[in-house]
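Asker: Let me begin by handing over the structure; questions about it come next.
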Amino acid sequence: MVLIVAFLVMEALPVLRHVGITRFFTDPSWHPAEGFYNLTPMLWGTLFAMVGSVLIATPLGILSAVFCRYYAPPAVARPYRKLIEILAGIPSVVYGFWGLVVLVPLIGAIHPPGPSLLAGIVILTIMILPTIALMADASLTNMPQQYVRGAAALGLSRWATIRGVVFPATKSGLFTGVILGTGRAIGETMAILMVCGNVVQTPDSLFSPIRTLTANIALEMAYALGDHRAALFVSGLVLMGMITTLVAAADWISHGRIHG
Amino acid sequence: MEESMVKTMERNLDGRELLASTLVWSAAALMTATFCWLLGDIIWHALNHITWTFLTAPPRNAGREGGIGPILISTALILGVCLGVSIPIGLGTAVLLAEFTTDDSLFGRLTRRSLDVLSGVPSIVFGLFGNAFFCKTLGLGFSILSGGLTLACMVLPILIRSTEEGFRAVPTGYRLSAAALGLSRTTTLVHLLLPAAVPGLLVGLVLGVGRAIAETAALIFTSGYVDRTPESLLDSGRALSIHIFDLSMNVPGGDANAYASALVLVVLLLAINGTASWLAEHWLHRRIITA
């Protein structure tokens with residue numbers, strides 16, 4: 001761990017020293033060859049794709065866990081859980097490939113060009129949904145059964161029980177799941193790279209192509225030299241910082257103030 | 001008057017209940033539909049393509065024709081390197097964490113915290129690190145060795161944590177009785193704790209292999225692109241996931257083979273995950289979440 005951070009910092013240091021941190025946000029554009037290093041468009045790309053997919057995947061994931069535990073008849077619930085587990089295990093290249101051959105043409109038919117923020121959001125949603133659903137399912141399973149029985153004894157309806165008793169009781173577990181999903185959404189490289197179009201710009205609509213921080217590293221690492229290469233390590237550092245913050249947040253939520 | 005209010009409330013409740021049920025069922029239906037669409041699409045396009053020759057033949061014409069033989073070999077070699085390195089280190093660290101440090105010591109907490117962060121770090125960052133450290137600093141270049149080592153860094157956090165769980169699951173009584181019999185710490189470890197913790201190690205191993213085999217981003221800058229059969233560990237070799245990526249992004253007309261390779265990869269992974277959950281259910285009696 002220390003080694004990894006040390007290496008990232010070491011590789012990033014030269015450019016940080018003689019370019020300065022602020023220029024990564026104030027430069028007019030990302031043209032490393034000419035000495036412009038503005039990361040902001042890609043930061044926005046990462047953020048938009050992440051927020052969009054988390055917003056869609058969270059309710060869907062939690063609802064599907066609720067379905068599994070409280071609505072589905074046992075004969076449906078078991079295969080359904082297996083299905084989500086399988087979905088969680090499918091590698092990201094396969095998602096990306098599917099997005100590229102199925103989703104992108106589909107979106108392209110509605111509003112060209114196909115590769116877009118929307119495609120990225122949809123693919124990310126499909127990818128992080130199983131993570132959120134599995135985590136939510138685990139925390140629903142761990143909830144003391146008395147709560148539900150008590151609610152039933154009070155004559156609460158099914159939805160009222162879930163909303164008034166189950167959700168508050170499992171809040172921290174649900175949050176942790178969402179944060180894990182967010183982490184996966186930020187770190188995802190390949191699937192995003194394949195469906196998002198990779199144009200460096202701050203997206204102005206759902207249908208405009210974007211490039212994320214991770215995709216940027218993957219695309220340019222192959223030929224980057226000198227300061228350009230160092231700048232890519234800076235984006236690596238930024239990603240690392242984001243993830244560390246998320247893990248700390250998850251830790252704080254599950255052990256700290258909000259007790260589930 | 002009062003009766004009508006109660007009626008309205010009841011109707012509202014019914015309405016909400018109905019809405020909730022509809023929402024929950026449709027969420028589940030949506031997921032199932034997406035899943036069937038995705039897998040169905042891949043299987044449908046790939047099934048005609050997978051033959052024995054496809055699995056063994058070398059790719060021709062940048063992968064548009066031919067098979068994936070050398071790529072499977074490279075994938076296996078990369079995995080081998082990764083496991084060969086990560087099993088001893090992982091086992092050692094897990095023993096250290098579970099048996100030789102107390103829960104609240106500073107060292108234990110720090111290590112555990114950094115492992116948690118590491119397991120969340122994006123794979124592309126591992127790729128950057130691998131490129132800087134193994135390829136450049138250690139001078140291994142783009143090779144199967146650097147790819148495998150990078151993957152080992154990625155797999156280690158999972159491996160360590162689940163092995164540690166395995167050690168923790170061993171009842172304290174075992175340790176106390178061993179101490180009472182006058183066994184040394186090493187003897188206890190080798191003959192008593194290790195066999196008892198093997199299931200945890202295996203589960204971690206299988207999960208780690210699953211993650212490693214699915215990995216693309218970390219391998220592009222470390223193990224390289226070359227699709228020949230590698231001659232030594234210092235040769236560059238192309239992993240299966242990179243093959244899919246390359247076929248679909250850079251090779252026009254490579255779709256059919258990409259579909260077939262994707263199916264091979266998915267089947268491999270399903271087999272691995274199936275083994276993991278089987279092991280978990282039969283030996284650990286505990287559910288392990290594949291995240």
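A note on labels: chains of the structure tokens are A, B, ... as shown, every chain counts residues from 1, and ligands are counted from 1 in their shown order.
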Segment 198-212 of chain B: which residues within 7 Å, counting only C-alpha atoms, same-chain residues fewer than 3 positions away excluded, as an NGL selection string?
Answerer: :B and (151 or 155 or 158-159 or 162-163 or 165-166 or 194-195 or 215 or 269 or 272-273 or 276 or 279-280 or 283-284)
Asker: Can you check which residues of chain A have any atom within 6 Å of chain B? Use only C-alpha atoms and format it as a PDB file with N, CA and C atoms, in the first residue's frame.
Answerer:
```pdb
ATOM      1  N   LEU A  60     -33.109   0.617  -7.380  1.00  0.00           N
ATOM      2  CA  LEU A  60     -33.339  -0.685  -8.011  1.00  0.00           C
ATOM      3  C   LEU A  60     -32.713  -1.809  -7.196  1.00  0.00           C
ATOM      4  N   LEU A  63     -34.624  -2.255  -3.900  1.00  0.00           N
ATOM      5  CA  LEU A  63     -35.930  -2.861  -4.171  1.00  0.00           C
ATOM      6  C   LEU A  63     -35.775  -4.336  -4.511  1.00  0.00           C
ATOM      7  N   SER A  64     -34.718  -4.672  -5.269  1.00  0.00           N
ATOM      8  CA  SER A  64     -34.607  -6.069  -5.656  1.00  0.00           C
ATOM      9  C   SER A  64     -34.237  -6.928  -4.450  1.00  0.00           C
ATOM     10  N   PHE A  67     -37.458  -7.362  -2.695  1.00  0.00           N
ATOM     11  CA  PHE A  67     -38.238  -8.347  -3.446  1.00  0.00           C
ATOM     12  C   PHE A  67     -37.836  -9.747  -3.031  1.00  0.00           C
ATOM     13  N   PRO A  91     -17.317 -10.339 -15.871  1.00  0.00           N
ATOM     14  CA  PRO A  91     -16.241  -9.350 -15.952  1.00  0.00           C
ATOM     15  C   PRO A  91     -16.659  -8.104 -16.716  1.00  0.00           C
ATOM     16  N   VAL A  94     -16.851  -7.884 -20.549  1.00  0.00           N
ATOM     17  CA  VAL A  94     -18.020  -8.480 -21.182  1.00  0.00           C
ATOM     18  C   VAL A  94     -19.175  -7.483 -21.171  1.00  0.00           C
ATOM     19  N   THR A 131     -23.866  -5.511  -6.950  1.00  0.00           N
ATOM     20  CA  THR A 131     -23.129  -5.220  -5.718  1.00  0.00           C
ATOM     21  C   THR A 131     -24.075  -4.654  -4.673  1.00  0.00           C
ATOM     22  N   TRP A 159     -45.698  -3.098   3.154  1.00  0.00           N
ATOM     23  CA  TRP A 159     -44.881  -1.958   2.749  1.00  0.00           C
ATOM     24  C   TRP A 159     -44.587  -1.056   3.945  1.00  0.00           C
ATOM     25  N   GLY A 187     -14.076   3.439 -10.196  1.00  0.00           N
ATOM     26  CA  GLY A 187     -12.891   2.731 -10.645  1.00  0.00           C
ATOM     27  C   GLY A 187     -13.050   2.027 -11.972  1.00  0.00           C
ATOM     28  N   GLY A 236      -4.183   9.229 -11.497  1.00  0.00           N
ATOM     29  CA  GLY A 236      -4.218   8.042 -10.656  1.00  0.00           C
ATOM     30  C   GLY A 236      -4.308   8.404  -9.181  1.00  0.00           C
ATOM     31  N   THR A 244     -10.101   6.402  -1.220  1.00  0.00           N
ATOM     32  CA  THR A 244      -9.782   6.429   0.208  1.00  0.00           C
ATOM     33  C   THR A 244     -10.871   7.150   0.982  1.00  0.00           C
TER      34      THR A 244
END
```
Asker: Can you tell me which residues surround Glu99 of chain B at a distance of at most 12 Å, considering only C-alpha atoms, apart from same-chain residues fewer than 6 positions away, and format the answer as a list of chain:residue names?
Answerer: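 What passes the distance filter is B:Leu91, B:Gly92, B:Thr93, B:Gly108, B:Thr163, B:Glu164, B:Glu165, B:Gly166, B:Phe167, B:Arg168, B:Ala169, B:Val170, B:Thr172, B:Arg175, B:Arg185, B:Thr186, B:Thr188, B:Leu189, B:Leu193, B:Leu194, B:Ala197.
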Asker: Could you please write out, as a list of chain:residue names, every residue of segment 37-68 of chain A that DSSP assigns to alpha helix (DSSP H)?
Answerer: A:Thr40, A:Pro41, A:Met42, A:Leu43, A:Trp44, A:Gly45, A:Thr46, A:Leu47, A:Phe48, A:Ala49, A:Met50, A:Val51, A:Gly52, A:Ser53, A:Val54, A:Leu55, A:Ile56, A:Ala57, A:Thr58, A:Pro59, A:Leu60, A:Gly61, A:Ile62, A:Leu63, A:Ser64, A:Ala65, A:Val66
Asker: May I have the residues within 8 Å of Ser223 of chain B as a PyMOL selection string, using only C-alpha atoms and disregarding those fewer than 4 positions away in the same chain?
Answerer: chain B and resi 142-148+219+236-238
Asker: Segment 38-280 of chain B: which residues are strand (DSSP E or B) by DSSP, as a list of chain:residue names?
Answerer: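 Answer for segment 38-280 of chain B, restricted to strand (DSSP E or B): B:Pro59, B:Arg60, B:Glu65, B:Gly66.
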Asker: What is the distance, in Å and to one decimal place, between atom CA of Leu87 of chain A and atom CA of Leu118 of chain A?
Answerer: 20.7 Å
Asker: Counting only C-alpha atoms, which residue out of A:Leu117, A:Ala191, A:Met242, A:Ile90 sits closest to Pro130 of chain A?
Answerer: A:Ile90
Asker: Can you list, as a ChimeraX atom specification, every protein, DNA or RNA residue that comes within 6 Å of segment 173-176 of chain A when you count only C-alpha atoms, leaving out same-chain residues fewer than 5 positions away?
Answerer: /A:136,139,250
Asker: Would you please work out which residue, of A:Gly150, A:Thr189, A:Leu39, A:Thr245, is nearest to Leu232 of chain A when using only C-alpha atoms?
Answerer: A:Leu39
